[in-house]
Amino acid sequence: QKEVEQNSGPLSVPEGAIASLNCTYSDRGSQSFFWYRQYSGKSPELIMFIYSNGDKEDGRFTAQLNKASQYVSLLIRDSQPSDSATYLCAASIKAAGNKLTFGGGTRVLVKP
Amino acid sequence: EAGVAQSPRYKIIEKRQSVAFWCNPISGHATLYWYQQILGQGPKLLIQFQNNGVVDDSQLPKDRFSAERLKGVDSTLKIQPAKLEDSAVYLCASSLEYTSYEQYFGPGTRLTVT
């Protein structure tokens, strides 16, 4: 069983719509959760992190965490073609040196 | 502030050959990570250093992979001998401390083993 799971996609959304990405994790000891964006041929860049249940908003991005359901999501509002990328979900455990365990990523395509 | 530097950016070798990758983290960052990212997958942590000590190397194939960070600054990852399944992008990342949330990734080294 993979520790962090994501739908590989592609998730196709029209420009201006909301993209909704989901991630589940198996280790209940996971404390912090991260969303990275990775453009093709580039390295991952951090979009947001969340460690408390509920929502966290940053610009057009909202991360949601539900520890009881072991579920993390990322909403991208007003999607733009420049948002087309692979989005990686990662979980970490502080006691394990904040080692990141990544999911396989969800590819998002925003169509003009 | 300069980012994480890696070299080479691309490397093609034949199986059973050896290869080495170099990483220079952001100045002042105590924690350095090496990840392996196979095409279509998320990055997998190979080894984590805190200064010049190893924090986690549980997923490093120690029969063929080795890494060092002798002076607590730059680091080298070596593969010897390489196998076809080692074809991947090797990403180096650094963070201020191991308790830091944000890891900054370098551009990666794309390795092709033929």
# chains A, B, ... in the order shown; residues from 1 in each chain; ligands from 1

$ select_by_dssp --residues "range 41-82 of chain A" --states "strand (DSSP E or B)" --output "JSON, numbers by chain"
{"A": [45, 46, 47, 48, 49, 50, 54, 55, 56, 57, 58, 61, 62, 63, 64, 65, 66, 71, 72, 73, 74, 75, 76]}

$ closest_atom_pairs --of "range 1-100 of chain B" --to "range 34-54 of chain A" --cutoff "10 Å" --atoms "only C-alpha atoms" --output "CSV"
residue,atom,partner,partner_atom,distance
B:Gln37,CA,A:Ser43,CA,9.9
B:Gly42,CA,A:Pro44,CA,9.7
B:Pro43,CA,A:Pro44,CA,9.1
B:Val89,CA,A:Ser43,CA,9.4
B:Tyr90,CA,A:Ser43,CA,9.9
B:Leu91,CA,A:Ser43,CA,7.5
B:Cys92,CA,A:Ser43,CA,9.5
B:Ala93,CA,A:Ser43,CA,9.7

$ interface_residues --of "chain B" --to "chain A" --cutoff "6 Å" --atoms "only C-alpha atoms" --output "ChimeraX atom specification"
/B:41-42,98,107

$ residues_around --residues "range 12-18 of chain A" --least-positions-apart "6" --cutoff "10 Å" --atoms "only C-alpha atoms" --output "list in words"
Arg60, Phe61, Leu75, Ile76, Arg77, Asp78, Ser79, Gln80, Pro81, Ser82, Asp83, Ser84, Arg107, Val108, Leu109, Val110, Lys111 and Pro112 of chain A

$ residues_around --residues "His29 in chain B" --least-positions-apart "4" --cutoff "12 Å" --atoms "only C-alpha atoms" --output "list in words"
Glu1, Ala2, Gly3, Val4, Asn24, Pro25, Tyr33, Phe49, Gln50, Asn51, Asn52, Gly72, Val73, Asp74, Ala93, Ser94, Ser95, Leu96, Glu97, Tyr98, Thr99, Ser100, Glu102, Gln103 and Tyr104 of chain B

$ write_last_selection --atoms "C-alpha atoms" --output "PDB file, in the first residue's frame"
ATOM      1  CA  GLU B   1      19.977  34.468  -2.506  1.00  0.00           C
ATOM      2  CA  ALA B   2      21.455  31.752  -4.723  1.00  0.00           C
ATOM      3  CA  GLY B   3      19.440  28.561  -4.970  1.00  0.00           C
ATOM      4  CA  VAL B   4      20.485  24.943  -4.697  1.00  0.00           C
ATOM      5  CA  ASN B  24      25.699  22.721  -3.197  1.00  0.00           C
ATOM      6  CA  PRO B  25      22.813  23.758  -0.911  1.00  0.00           C
ATOM      7  CA  TYR B  33      18.319  15.816   1.007  1.00  0.00           C
ATOM      8  CA  PHE B  49      21.934  14.919   6.152  1.00  0.00           C
ATOM      9  CA  GLN B  50      21.887  17.267   9.112  1.00  0.00           C
ATOM     10  CA  ASN B  51      25.182  19.144   8.805  1.00  0.00           C
ATOM     11  CA  ASN B  52      27.628  16.302   8.047  1.00  0.00           C
ATOM     12  CA  GLY B  72      28.560  19.907   6.181  1.00  0.00           C
ATOM     13  CA  VAL B  73      28.140  22.025   3.070  1.00  0.00           C
ATOM     14  CA  ASP B  74      28.177  20.447  -0.396  1.00  0.00           C
ATOM     15  CA  ALA B  93      17.065  19.840  -1.715  1.00  0.00           C
ATOM     16  CA  SER B  94      18.027  21.830   1.339  1.00  0.00           C
ATOM     17  CA  SER B  95      16.295  23.394   4.305  1.00  0.00           C
ATOM     18  CA  LEU B  96      17.425  25.696   7.082  1.00  0.00           C
ATOM     19  CA  GLU B  97      17.003  23.001   9.711  1.00  0.00           C
ATOM     20  CA  TYR B  98      15.475  19.543   9.702  1.00  0.00           C
ATOM     21  CA  THR B  99      12.517  21.036  11.564  1.00  0.00           C
ATOM     22  CA  SER B 100      11.902  23.544   8.763  1.00  0.00           C
ATOM     23  CA  GLU B 102      10.161  24.351   3.422  1.00  0.00           C
ATOM     24  CA  GLN B 103      12.610  22.380   1.348  1.00  0.00           C
ATOM     25  CA  TYR B 104      14.185  24.129  -1.626  1.00  0.00           C
TER      26      TYR B 104
END

$ atom_distance --atom1 "CA of Gln80 in chain B" --atom2 "CA of Gln17 in chain B"
6.5 Å

$ atom_distance --atom1 "CA of Glu14 in chain B" --atom2 "CA of Arg110 in chain B"
14.1 Å
